[in-house]
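K.L.:
Below you will find the structure I want to go over with you.
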Amino acid sequence: MDAEPTSADPRAAGPGAVDLTTADRGVVDPAAWHGVLRRVIDGSHLATADDLTPLLDKATAPLGVSVRLYVVDLAQRLLHPVAGGPELPVDSSEAGRAYRDLEIIGAPSPSPSPSRLWLPLLNGTERLGVVRVDLPEGADPADTELRAHCWTLAGLAGHLVQSKQHYSDLFHVLRRTKQLTVASELLWQMLPPQTFASERVVVTAAMEPYDEVGGDGYDYAVSADRAYVALIDAMGHDMSAGLTTTVALAATRNARRGGLGLVEAAELADRSITSQNSIGRLSFATALLAGLDLHTGVLEYLNAGHPPPVLFRDGRAVGQLEGALRTPLGLGHLEQAPVRPATARLRPGDRVLLLTDGIVEARSPSGELFGLDRLVGLVEEHEAAGMPAPETLRRVTRAVLEHQRGRLQDDATLLLLEWSPDRAHVLLPSSV
């Protein structure tokens, strides 16, 4: 239990109080911030999702600091305040800049407004939204020590948001600007976070239309030595397609966790989908399954009737990964002979882009296909601009939506796998 605050203790000041202890010392004092983190962690055990903002505010009040959380919607266009207030656009606001560029944004504000910091709200490297930190009068938002303390608090907040959404609908409701279909609701619950990074690999995915996606799905898992990725596209765009995709995801995940390889994973998914078919109903799914050795860069892949991945090297597309073709999952009875996985040796910094046909086959109102060349050109353009991988995919999927005037006729999904010893750090702020 906390000791009673004394007059020399920063906690003696009430919320918003400003004195030399708070403004000049407390907001950069490591001991004071240790107390903030302790109060947040201790209070979080019995906190609901609705309690997070009051918990953060109460913990930081002794420093004269106020904290607000914003979560991004599934379309990644708006940042929604958790505790009420106006929404903020991702593409045209300071908060959106912190989200897009994964940077800490802050500058002194004209009196009497307090100085403010905007920080990415991350769970690991998964972008959840932003954190707004209002500072007491006299605090310098450019102070590196202060920014470091706020960044640590934002990291804790991101982990809490991710954990509390398992027990509450609050963040799920805030993140949707449109009602999800039942098939989409089912599928989103099956998917891992859209972005993960470690010291050796980055995996990020994007899906549209987020509210009606039913037939597309992705999966990944990363261990100390290997990264596994999968992209699945079931026939159709309804509940039946969603069920086929979830069966394929569950089967390939089950095989992977049982120590089986890509061939066996595809065979298990094939049998599982086939067992769900009934007389007069035929379901199947195309898929791309791949495993990357994180030490050597050797990529092993198996293509079940899917568009081949595109390999990017030094920021430019160098070709597609062909071969290792087998029949789609659920049509294994048509397979003529066993298929072995193909391999490709990546170089550090290489990116492999997996895609579903809804990307390249998106048609404008005049009938023009989005096409592979346009897709490749956009990825190269954003790579040259230094965009983090998740932001690249956000912008590409937005371009696909705009090509079809905001209404896709098919699910459109991208997954980017990057093998690199240093690129993961681009997904964290550099201005701490």
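Chain labels follow the order of the structure tokens: the first chain is A, the next B, and so on; residue numbering restarts at 1 in every chain, and ligands are counted from 1 in their shown order.
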Residues at most 12 Å from A:Val339, counting only C-alpha atoms, excluding those fewer than 3 positions away in the same chain, as a list of chain:residue names?
P.N.:
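Contacts, with the query itself left out: A:Leu262, A:Val263, A:Glu264, A:Ala266, A:Glu267, A:Tyr301, A:Leu302, A:Asn303, A:Ala304, A:Gly323, A:Ala324, A:Leu325, A:Arg326, A:Thr327, A:Gly332, A:Glu335, A:Gln336, A:Ala342.
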K.L.:
Write out as a list in words the residues lying within 6 Å of stretch 413-428 of chain A, counting only C-alpha atoms and excluding same-chain residues fewer than 2 positions away.
P.N.:
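The filter keeps Ala197, Glu199, Arg200, Val201, Val202, Val203, Thr204, Ala205, Ala206, Met207, Pro348, Gly349, Asp350, Arg351, Val352, Leu353, Leu354, Leu355 and Thr356 of chain A.
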K.L.:
Of the candidates A:Gln162, A:Thr274, A:Asp314, A:Glu208, which shows the shortest atom-to-atom distance to A:Val400, using only C-alpha atoms?
P.N.:
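Closest to A:Val400 of all the choices is A:Glu208.
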K.L.:
Could you give me, as a ChimeraX atom specification, the residues within 9 Å of A:Leu187, counting only C-alpha atoms and dropping anything in the same chain fewer than 4 positions from it?
P.N.:
/A:182-183,191,213-217,242-243,245-246
K.L.:
Which of stretch 131-232 of chain A counts as alpha helix (DSSP H) under DSSP, as an MDAnalysis selection string please?
P.N.:
chainID A and resid 144:164 170:174 182:190
K.L.:
Keeping only N, CA and C atoms, write the selected residues to a file as a JSON list (two decimals), in the first residue's frame.
P.N.:
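The new file out_19.json reads:
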[["chain", "number", "residue", "atom", "x", "y", "z"],
["A", 144, "THR", "N", 13.75, 14.60, -23.54],
["A", 144, "THR", "CA", 13.89, 13.18, -23.91],
["A", 144, "THR", "C", 13.55, 12.26, -22.75],
["A", 145, "GLU", "N", 13.86, 12.70, -21.52],
["A", 145, "GLU", "CA", 13.55, 11.86, -20.36],
["A", 145, "GLU", "C", 12.04, 11.77, -20.15],
["A", 146, "LEU", "N", 11.37, 12.89, -20.30],
["A", 146, "LEU", "CA", 9.91, 12.90, -20.17],
["A", 146, "LEU", "C", 9.26, 12.05, -21.25],
["A", 147, "ARG", "N", 9.74, 12.18, -22.47],
["A", 147, "ARG", "CA", 9.17, 11.39, -23.58],
["A", 147, "ARG", "C", 9.39, 9.89, -23.32],
["A", 148, "ALA", "N", 10.54, 9.55, -22.78],
["A", 148, "ALA", "CA", 10.81, 8.13, -22.49],
["A", 148, "ALA", "C", 9.84, 7.59, -21.44],
["A", 149, "HIS", "N", 9.56, 8.39, -20.40],
["A", 149, "HIS", "CA", 8.61, 7.95, -19.38],
["A", 149, "HIS", "C", 7.21, 7.78, -19.98],
["A", 150, "CYS", "N", 6.80, 8.74, -20.80],
["A", 150, "CYS", "CA", 5.47, 8.67, -21.41],
["A", 150, "CYS", "C", 5.38, 7.49, -22.37],
["A", 151, "TRP", "N", 6.46, 7.20, -23.08],
["A", 151, "TRP", "CA", 6.48, 6.06, -24.00],
["A", 151, "TRP", "C", 6.33, 4.74, -23.24],
["A", 152, "THR", "N", 6.98, 4.63, -22.09],
["A", 152, "THR", "CA", 6.82, 3.42, -21.27],
["A", 152, "THR", "C", 5.38, 3.27, -20.80],
["A", 153, "LEU", "N", 4.77, 4.38, -20.37],
["A", 153, "LEU", "CA", 3.38, 4.34, -19.94],
["A", 153, "LEU", "C", 2.46, 3.96, -21.10],
["A", 154, "ALA", "N", 2.73, 4.49, -22.29],
["A", 154, "ALA", "CA", 1.92, 4.16, -23.47],
["A", 154, "ALA", "C", 2.05, 2.67, -23.81],
["A", 155, "GLY", "N", 3.25, 2.12, -23.64],
["A", 155, "GLY", "CA", 3.43, 0.69, -23.88],
["A", 155, "GLY", "C", 2.62, -0.15, -22.92],
["A", 156, "LEU", "N", 2.60, 0.24, -21.66],
["A", 156, "LEU", "CA", 1.79, -0.48, -20.68],
["A", 156, "LEU", "C", 0.31, -0.36, -21.03],
["A", 157, "ALA", "N", -0.12, 0.83, -21.43],
["A", 157, "ALA", "CA", -1.52, 1.03, -21.81],
["A", 157, "ALA", "C", -1.90, 0.14, -22.99],
["A", 158, "GLY", "N", -1.00, 0.01, -23.96],
["A", 158, "GLY", "CA", -1.28, -0.85, -25.12],
["A", 158, "GLY", "C", -1.49, -2.30, -24.72],
["A", 159, "HIS", "N", -0.65, -2.80, -23.82],
["A", 159, "HIS", "CA", -0.82, -4.18, -23.36],
["A", 159, "HIS", "C", -2.14, -4.35, -22.61],
["A", 160, "LEU", "N", -2.51, -3.35, -21.84],
["A", 160, "LEU", "CA", -3.76, -3.45, -21.09],
["A", 160, "LEU", "C", -4.98, -3.40, -22.01],
["A", 161, "VAL", "N", -4.94, -2.55, -23.02],
["A", 161, "VAL", "CA", -6.05, -2.51, -23.98],
["A", 161, "VAL", "C", -6.21, -3.87, -24.65],
["A", 162, "GLN", "N", -5.09, -4.46, -25.08],
["A", 162, "GLN", "CA", -5.16, -5.75, -25.76],
["A", 162, "GLN", "C", -5.71, -6.83, -24.83],
["A", 163, "SER", "N", -5.30, -6.83, -23.57],
["A", 163, "SER", "CA", -5.75, -7.88, -22.66],
["A", 163, "SER", "C", -7.20, -7.69, -22.24],
["A", 164, "LYS", "N", -7.62, -6.44, -22.00],
["A", 164, "LYS", "CA", -8.97, -6.19, -21.52],
["A", 164, "LYS", "C", -10.03, -6.40, -22.59],
["A", 170, "LEU", "N", -16.21, -3.22, -25.25],
["A", 170, "LEU", "CA", -15.97, -1.79, -25.43],
["A", 170, "LEU", "C", -15.09, -1.49, -26.64],
["A", 171, "PHE", "N", -13.90, -2.07, -26.68],
["A", 171, "PHE", "CA", -12.97, -1.75, -27.76],
["A", 171, "PHE", "C", -13.45, -2.32, -29.09],
["A", 172, "HIS", "N", -14.13, -3.46, -29.06],
["A", 172, "HIS", "CA", -14.70, -4.01, -30.30],
["A", 172, "HIS", "C", -15.74, -3.05, -30.88],
["A", 173, "VAL", "N", -16.57, -2.48, -30.02],
["A", 173, "VAL", "CA", -17.61, -1.56, -30.49],
["A", 173, "VAL", "C", -16.99, -0.28, -31.02],
["A", 174, "LEU", "N", -16.00, 0.26, -30.29],
["A", 174, "LEU", "CA", -15.37, 1.50, -30.72],
["A", 174, "LEU", "C", -14.65, 1.35, -32.06],
["A", 182, "VAL", "N", -22.16, -11.49, -39.74],
["A", 182, "VAL", "CA", -21.87, -12.59, -38.81],
["A", 182, "VAL", "C", -20.62, -13.35, -39.28],
["A", 183, "ALA", "N", -20.48, -13.54, -40.60],
["A", 183, "ALA", "CA", -19.30, -14.23, -41.12],
["A", 183, "ALA", "C", -18.04, -13.45, -40.79],
["A", 184, "SER", "N", -18.10, -12.12, -40.92],
["A", 184, "SER", "CA", -16.94, -11.29, -40.60],
["A", 184, "SER", "C", -16.63, -11.32, -39.11],
["A", 185, "GLU", "N", -17.67, -11.28, -38.28],
["A", 185, "GLU", "CA", -17.49, -11.37, -36.83],
["A", 185, "GLU", "C", -16.76, -12.66, -36.46],
["A", 186, "LEU", "N", -17.19, -13.76, -37.07],
["A", 186, "LEU", "CA", -16.56, -15.06, -36.80],
["A", 186, "LEU", "C", -15.10, -15.05, -37.22],
["A", 187, "LEU", "N", -14.84, -14.52, -38.41],
["A", 187, "LEU", "CA", -13.49, -14.58, -38.95],
["A", 187, "LEU", "C", -12.51, -13.72, -38.15],
["A", 188, "TRP", "N", -12.92, -12.51, -37.78],
["A", 188, "TRP", "CA", -12.01, -11.63, -37.03],
["A", 188, "TRP", "C", -11.60, -12.26, -35.70],
["A", 189, "GLN", "N", -12.48, -13.07, -35.10],
["A", 189, "GLN", "CA", -12.13, -13.72, -33.84],
["A", 189, "GLN", "C", -11.08, -14.81, -34.03],
["A", 190, "MET", "N", -10.93, -15.29, -35.25],
["A", 190, "MET", "CA", -9.98, -16.37, -35.54],
["A", 190, "MET", "C", -8.58, -15.85, -35.86]]
K.L.:
Stretch 86-313 of chain A: which residues are strand (DSSP E) by DSSP, as a PyMOL selection string?
P.N.:
chain A and resi 88-89+105-107+116-123+126-134+195-197+201-208+216-222+226-234+285-293+298-304+310-313
K.L.:
Can you pull out every residue within 10 Å of A:Leu52, counting only C-alpha atoms, but drop anything in the same chain fewer than 5 positions away, and send it as a PyMOL selection string?
P.N.:
chain A and resi 40+43-44+47+57-58+68-69+82-83+157+160-161+164
K.L.:
Take the residues that were just selected and, keeping C-alpha atoms, output them as a compact mmCIF listing (two decimals), in the first residue's frame.
P.N.:
# COMPACT_ATOMS: atom_id res chain seq x y z
CA VAL A 40 -1.45 1.29 -13.01
CA GLY A 43 -5.02 -1.31 -10.25
CA SER A 44 -5.33 -3.15 -13.56
CA ALA A 47 -10.12 -3.14 -13.83
CA ASP A 57 -5.67 9.46 -14.99
CA LYS A 58 -5.67 8.65 -11.28
CA ARG A 68 -6.50 9.87 -22.91
CA LEU A 69 -6.70 6.75 -25.10
CA VAL A 82 -12.24 5.72 -25.34
CA ALA A 83 -13.64 8.21 -22.82
CA ALA A 157 -1.52 1.03 -21.81
CA LEU A 160 -3.76 -3.45 -21.09
CA VAL A 161 -6.05 -2.51 -23.98
CA LYS A 164 -8.97 -6.19 -21.52
K.L.:
Extract, using only C-alpha atoms, all DNA, RNA and protein residues at most 12 Å from A:Glu361, discarding same-chain residues fewer than 2 positions from it, and format them as a list of chain:residue names.
P.N.:
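With the cut-off at 12 Å, the set is A:Pro307, A:Leu355, A:Thr356, A:Asp357, A:Gly358, A:Ile359, A:Arg363, A:Ser364, A:Gly367, A:Glu368, A:Leu369, A:Phe370, A:Gly371, A:Leu372, A:Asp373, A:Arg374, A:Leu375, A:Val400, A:Leu401, A:His403, A:Gln404, A:Leu408, A:Gln409, A:Asp410, A:Asp411, A:Ala412, A:Thr413.
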